[in-house]
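Shown below: structure.txt, with compact mmCIF, C-alpha atoms.
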```
# COMPACT_ATOMS: atom_id res chain seq x y z
CA MET D 29 -94.72 -128.46 67.40
CA PRO D 30 -93.33 -126.23 64.63
CA GLY D 31 -91.89 -129.17 62.68
CA TYR D 32 -95.28 -130.88 62.53
CA ARG D 33 -97.02 -127.66 61.45
CA ALA D 34 -94.42 -127.12 58.72
CA ARG D 35 -95.00 -130.62 57.38
CA LYS D 36 -98.77 -130.14 57.37
CA THR D 37 -98.34 -126.83 55.53
CA ALA D 38 -96.20 -128.57 52.93
CA SER D 39 -98.79 -131.34 52.64
CA ARG D 40 -101.63 -128.86 52.06
CA TYR D 41 -99.49 -126.96 49.57
CA LEU D 42 -98.70 -130.13 47.62
CA ARG D 43 -102.39 -131.07 47.56
CA SER D 44 -103.32 -127.65 46.16
CA LEU D 45 -100.81 -128.13 43.34
CA LEU D 46 -101.78 -131.68 42.47
CA VAL D 47 -105.53 -131.30 42.83
CA GLY D 48 -106.20 -127.58 42.39
CA PRO D 49 -108.29 -125.19 44.47
CA ALA D 50 -111.62 -126.67 43.38
CA GLY D 51 -110.59 -130.32 43.58
CA GLU D 52 -109.79 -130.77 39.88
CA PRO D 53 -106.59 -132.64 38.96
CA PHE D 54 -103.84 -130.24 37.94
CA THR D 55 -103.36 -131.59 34.40
CA ALA D 56 -106.94 -132.53 33.63
CA THR D 57 -109.17 -130.62 31.23
CA PRO D 58 -112.88 -131.59 31.32
CA LEU D 59 -114.28 -132.86 28.03
CA SER D 60 -117.76 -131.88 26.89
CA SER D 61 -118.40 -135.53 26.01
CA GLY D 62 -116.72 -136.86 29.14
CA LEU D 63 -118.23 -139.31 31.59
CA GLU D 64 -120.79 -137.81 33.95
CA VAL D 65 -120.08 -140.52 36.47
CA ALA D 66 -116.70 -142.22 36.85
CA LEU D 67 -117.01 -145.71 38.27
CA LEU D 68 -114.15 -147.20 40.22
CA ASP D 69 -116.12 -150.45 40.48
CA LYS D 70 -115.46 -150.94 36.76
CA CYS D 71 -111.71 -150.72 37.35
CA VAL D 72 -109.22 -153.09 38.93
CA ALA D 73 -106.82 -151.94 41.67
CA HIS D 74 -103.43 -153.63 41.91
CA LEU D 75 -101.99 -153.31 45.42
CA ILE D 76 -98.24 -152.94 45.75
CA ALA D 77 -96.87 -152.95 49.29
CA ARG D 78 -94.44 -154.70 51.61
CA GLY D 79 -96.18 -157.24 53.82
CA ASP D 80 -99.73 -158.30 54.55
CA ASP D 81 -100.52 -155.40 56.90
CA GLN D 82 -99.78 -152.80 54.24
CA ILE D 83 -101.69 -154.79 51.61
CA ARG D 84 -104.72 -154.92 53.92
CA MET D 85 -104.44 -151.18 54.52
CA LEU D 86 -104.45 -150.45 50.77
CA ASP D 87 -107.32 -152.89 50.34
CA ARG D 88 -109.41 -151.06 52.96
CA ILE D 89 -108.66 -147.69 51.39
CA GLY D 90 -109.52 -148.95 47.91
CA ARG D 91 -112.78 -150.59 48.94
CA ARG D 92 -113.94 -147.50 50.80
CA ALA D 93 -113.21 -145.46 47.66
CA GLY D 94 -115.35 -147.76 45.50
CA PHE D 95 -113.14 -150.49 44.05
CA VAL D 96 -114.58 -154.01 44.17
CA ASP D 97 -111.77 -155.79 42.31
CA LEU D 98 -108.55 -155.42 44.29
CA GLN D 99 -105.60 -157.78 44.16
CA PRO D 100 -102.01 -157.75 45.36
CA LEU D 101 -99.72 -157.38 42.35
CA GLY D 102 -98.64 -160.81 41.20
CA GLN D 103 -101.86 -162.57 42.25
CA GLY D 104 -103.71 -161.44 39.14
CA ASN D 105 -102.97 -160.50 35.55
CA HIS D 106 -103.28 -156.77 34.89
CA ASP D 107 -103.51 -157.56 31.16
CA ASP D 108 -106.62 -159.74 31.55
CA HIS D 109 -109.29 -158.96 34.12
CA GLY D 110 -112.59 -159.76 32.48
CA ASP D 111 -114.88 -156.85 31.70
CA ARG D 112 -112.86 -154.41 33.82
CA LYS D 113 -110.79 -152.46 31.33
CA LEU D 114 -108.87 -149.97 33.44
CA ASN D 115 -105.98 -150.60 35.80
CA TYR D 116 -104.99 -148.65 38.87
CA PHE D 117 -101.74 -149.26 40.73
CA LEU D 118 -101.94 -148.34 44.42
CA THR D 119 -98.52 -148.25 46.09
CA HIS D 120 -97.25 -147.85 49.65
CA HIS D 121 -94.35 -145.50 50.40
CA GLU D 122 -92.60 -147.96 52.73
CA LEU D 123 -91.57 -150.01 49.70
CA GLY D 124 -88.66 -147.59 49.44
CA ILE D 125 -87.39 -145.47 46.58
CA GLU D 126 -85.58 -148.28 44.74
CA THR D 127 -88.62 -150.60 44.65
CA LEU D 128 -91.02 -147.77 43.84
CA SER D 129 -88.77 -146.75 40.95
CA ALA D 130 -88.81 -150.31 39.65
CA VAL D 131 -92.63 -150.37 39.82
CA LEU D 132 -92.89 -147.12 37.87
CA ARG D 133 -90.39 -148.32 35.29
CA SER D 134 -92.21 -151.62 34.81
CA VAL D 135 -95.61 -150.00 34.32
CA ARG D 136 -94.46 -147.10 32.14
CA THR D 137 -92.44 -149.30 29.77
CA SER D 138 -95.30 -151.73 29.11
CA ILE D 139 -96.25 -152.13 25.45
CA ILE D 140 -99.92 -152.31 26.50
CA ASP D 141 -101.65 -148.91 26.69
CA ASP D 142 -104.08 -150.05 29.40
CA VAL D 143 -101.03 -150.65 31.60
CA ARG D 144 -98.64 -147.93 30.43
CA TYR D 145 -101.16 -145.11 30.89
CA ALA D 146 -102.67 -146.50 34.10
CA PRO D 147 -102.69 -144.18 37.13
CA ILE D 148 -100.02 -144.97 39.70
CA VAL D 149 -101.02 -143.53 43.06
CA LEU D 150 -98.68 -143.40 46.05
CA PHE D 151 -100.02 -143.46 49.61
CA ALA D 152 -97.47 -141.84 51.91
CA ALA D 153 -97.06 -140.57 55.44
CA ASP D 154 -96.84 -136.83 55.93
CA GLY D 155 -93.21 -135.75 55.74
CA PRO D 156 -90.69 -133.16 54.55
CA PHE D 157 -91.61 -131.13 51.49
CA GLU D 158 -88.45 -132.28 49.71
CA GLN D 159 -89.67 -135.86 49.92
CA TYR D 160 -92.79 -134.93 47.95
CA LEU D 161 -90.62 -133.27 45.32
CA ALA D 162 -88.73 -136.55 44.98
CA TYR D 163 -91.99 -138.46 44.52
CA ILE D 164 -93.13 -135.95 41.89
CA ASP D 165 -89.84 -136.38 40.02
CA MET D 166 -90.36 -140.14 40.02
CA GLY D 167 -93.59 -139.74 38.05
CA PHE D 168 -96.52 -140.69 40.29
CA ASP D 169 -99.93 -139.55 39.05
CA ASP D 170 -100.93 -138.55 42.57
CA ILE D 171 -99.51 -138.69 46.09
CA ILE D 172 -102.06 -139.00 48.87
CA THR D 173 -100.83 -138.39 52.40
CA LEU D 174 -102.42 -140.33 55.24
CA PRO D 175 -104.48 -140.00 57.30
CA GLU D 176 -107.00 -138.47 54.91
CA LYS D 177 -110.78 -138.32 54.76
CA ALA D 178 -112.33 -141.15 52.76
CA VAL D 179 -114.31 -138.74 50.59
CA ILE D 180 -111.11 -136.88 49.64
CA VAL D 181 -109.34 -140.13 48.75
CA GLU D 182 -112.30 -141.13 46.58
CA GLN D 183 -112.29 -137.76 44.80
CA ARG D 184 -108.57 -137.94 44.18
CA LEU D 185 -108.85 -141.43 42.68
CA LEU D 186 -111.88 -140.47 40.59
CA SER D 187 -110.02 -137.44 39.24
CA GLN D 188 -107.94 -139.82 37.14
CA LEU D 189 -111.01 -140.78 35.08
CA GLY D 190 -113.13 -139.19 32.38
CA THR D 191 -110.95 -136.13 31.74
CA GLU D 192 -108.12 -135.32 29.35
CA HIS D 193 -104.65 -135.91 30.77
CA VAL D 194 -101.23 -135.38 29.23
CA TYR D 195 -98.09 -137.49 29.57
CA PHE D 196 -94.63 -136.32 28.59
CA ASP D 197 -92.46 -138.74 26.63
CA THR D 198 -88.69 -138.13 26.56
CA ALA D 199 -85.59 -140.27 26.16
CA THR D 200 -85.53 -140.94 29.91
CA TYR D 201 -89.07 -140.33 31.17
CA PHE D 202 -92.70 -141.21 30.43
CA GLY D 203 -95.43 -139.89 32.68
CA PRO D 204 -97.27 -136.82 34.02
CA ASP D 205 -95.84 -133.32 33.78
CA ARG D 206 -93.33 -132.94 36.62
CA ARG D 207 -93.20 -129.15 36.16
CA ARG D 208 -96.47 -128.81 38.07
CA MET D 209 -94.26 -128.15 41.11
CA GLU D 210 -92.54 -125.15 39.49
CA VAL D 211 -93.71 -122.47 41.89
CA ALA D 212 -92.12 -121.33 45.12
CA PRO D 213 -93.11 -123.75 47.92
CA PRO D 214 -93.21 -122.78 51.60
CA SER D 215 -89.58 -123.87 52.02
CA GLU D 216 -88.56 -121.45 49.20
CA HIS D 217 -87.25 -124.44 47.28
CA LYS D 218 -87.28 -123.53 43.58
CA ARG D 219 -87.27 -125.72 40.51
CA ALA D 220 -86.49 -124.85 36.91
CA ALA D 221 -87.30 -126.75 33.73
CA THR D 222 -84.68 -127.34 31.06
CA PRO D 223 -85.99 -127.09 27.48
CA HIS D 224 -85.85 -130.48 25.79
CA SER D 225 -87.36 -132.33 22.87
CA HIS D 226 -90.32 -134.45 23.81
CA VAL D 227 -93.71 -135.83 22.79
CA ARG D 228 -96.92 -134.97 24.61
CA HIS D 229 -99.55 -137.70 24.61
CA TYR D 230 -103.11 -136.54 25.35
CA PHE D 231 -105.42 -139.28 26.54
CA ARG D 232 -108.52 -140.14 28.54
CA ARG D 233 -109.12 -143.00 30.94
CA ASP D 234 -112.57 -144.47 30.41
CA PRO D 235 -113.61 -147.17 32.92
CA MET D 236 -115.80 -148.81 30.27
CA ARG D 237 -113.43 -148.61 27.29
CA GLY D 238 -109.96 -148.41 28.81
CA ILE D 239 -107.27 -145.99 27.66
CA ILE D 240 -108.15 -143.71 24.75
CA VAL D 241 -105.14 -141.90 23.27
CA LEU D 242 -106.58 -138.74 21.71
CA ARG D 243 -103.51 -137.30 20.03
CA SER D 244 -99.72 -136.98 20.28
CA GLU D 245 -97.71 -133.83 19.63
CA SER D 246 -93.96 -133.76 19.03
CA TYR D 247 -91.84 -130.81 20.19
CA LEU D 248 -88.24 -129.80 19.48
CA ALA D 249 -86.44 -127.49 21.88
CA PHE D 250 -85.24 -124.28 20.22
CA GLY D 251 -83.82 -121.60 22.48
CA HIS D 252 -85.77 -121.41 25.69
CA GLN D 253 -89.13 -122.78 24.57
CA PRO D 254 -90.11 -126.12 22.98
CA THR D 255 -91.64 -125.64 19.54
CA ARG D 256 -94.33 -127.95 18.24
CA ILE D 257 -93.33 -129.40 14.89
CA GLU D 258 -95.70 -132.27 14.36
CA ARG D 259 -99.22 -133.26 15.31
CA VAL D 260 -100.37 -136.85 15.14
CA GLY D 261 -104.12 -137.26 15.59
```
This entry written out as structure tokens:
Amino acid sequence: MPGYRARKTASRYLRSLLVGPAGEPFTATPLSSGLEVALLDKCVAHLIARGDDQIRMLDRIGRRAGFVDLQPLGQGNHDDHGDRKLNYFLTHHELGIETLSAVLRSVRTSIIDDVRYAPIVLFAADGPFEQYLAYIDMGFDDIITLPEKAVIVEQRLLSQLGTEHVYFDTATYFGPDRRRMEVAPPSEHKRAATPHSHVRHYFRRDPMRGIIVLRSESYLAFGHQPTRIERVG
């Protein structure tokens, strides 16, 4: 089954880029004062899927990973959930590109930091490498292909907490660095970044305190490399 093997190779390759060889998230830098233990039970997981079966599937995955507060989007208020200060948005790929794009747009344009900077994780079936590139371009924080071991899913979800992350802010995009796919994949598909002005927001997700924006740096594109011109602490 060469097609199946090719898809699994692409899936492993994507995982190595998003998570890194030692299991660390690609854009995360450990902080010396970071949390020693990241607690998903202090977070709330909003489930976004089409139909009860998919909602139940996301609920099972989330509970096995450590969430205790899980709710289908629309049945709770992600701006007010008691003492749980950090949102997760768990999405199912069968929603389709148009609906997934609307979810991303709604979350990333929120005026509330605890929503805007919340991790949006897509659970998807294994498929063509180009499909993963499309998901990366959309701006998901992580893409987890199923089936997957429960311990790996838990590690991937925990990797969103207690470390420094960076979001890029442009005229048309707000979210994680999409250039993390800029190396030659197995299919020899190549991507190139176009220099552009942008702001980089460095932040940490703390399950006890919510979103902590550490600093923002503005860049203007001159020539082939963005040049930092301002630092806002």
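Among the candidates D:Arg228, D:Arg144, D:Arg92, D:Arg78, the one nearest to D:Gly124 when counting only C-alpha atoms is D:Arg78.
Our summary of the geometry notes that atom CA of D:Ile171 is positioned 13.9 Å from atom CA of D:Ile89.
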### Task
In Å, rounded to a single decimal, give me how far atom CA of D:Ser138 is from atom CA of D:Leu68.
22.3 Å
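Atom CA of D:Asp154 to atom CA of D:Ile172 spans 9.0 Å [interatomic distance, one decimal].
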#### Entry: Shell of 6 Å around stretch 196-210 of chain D, only C-alpha atoms, local chain residues under 4 positions omitted, as a list of chain:residue names
D:Asp165, D:Gly167, D:Arg219, D:His226, D:Val227, D:Arg228
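Taking all atoms listed in the file into account, the residues near (-111.1, -141.8, 47.8), no farther than 10 Å, are Leu68, Ile89, Gly90, Arg91, Arg92, Ala93, Gly94, Phe95, Ile172, Glu176, Lys177, Ala178, Val179, Ile180, Val181, Glu182, Gln183, Arg184, Leu185, Leu186 and Ser187 of chain D.
Among the candidate residues D:Ile140, D:Leu161, D:Val241, D:Ala73, the one lying nearest to D:Leu118 is D:Ala73, with distances computed using all atoms listed in the file.
Of the residues under consideration (D:Arg233, D:His74, D:Arg84, D:Arg243), D:Arg233 shows the shortest atom-to-atom contact distance to D:Asp141 when counting only C-alpha atoms.
Of the residues listed (D:Tyr247, D:Tyr116, D:Tyr195, D:Tyr230), D:Tyr116 shows the shortest atom-to-atom separation from D:Val143; distances use only C-alpha atoms.
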### Message
Applying 12 Å and only C-alpha atoms, which residues near D:Asp142 remain after dropping the ones on its own chain fewer than 2 positions away? List them as a VMD selection string.
### Response
chain D and resid 71 to 72 106 to 109 112 to 117 135 to 140 144 to 147 231 to 241
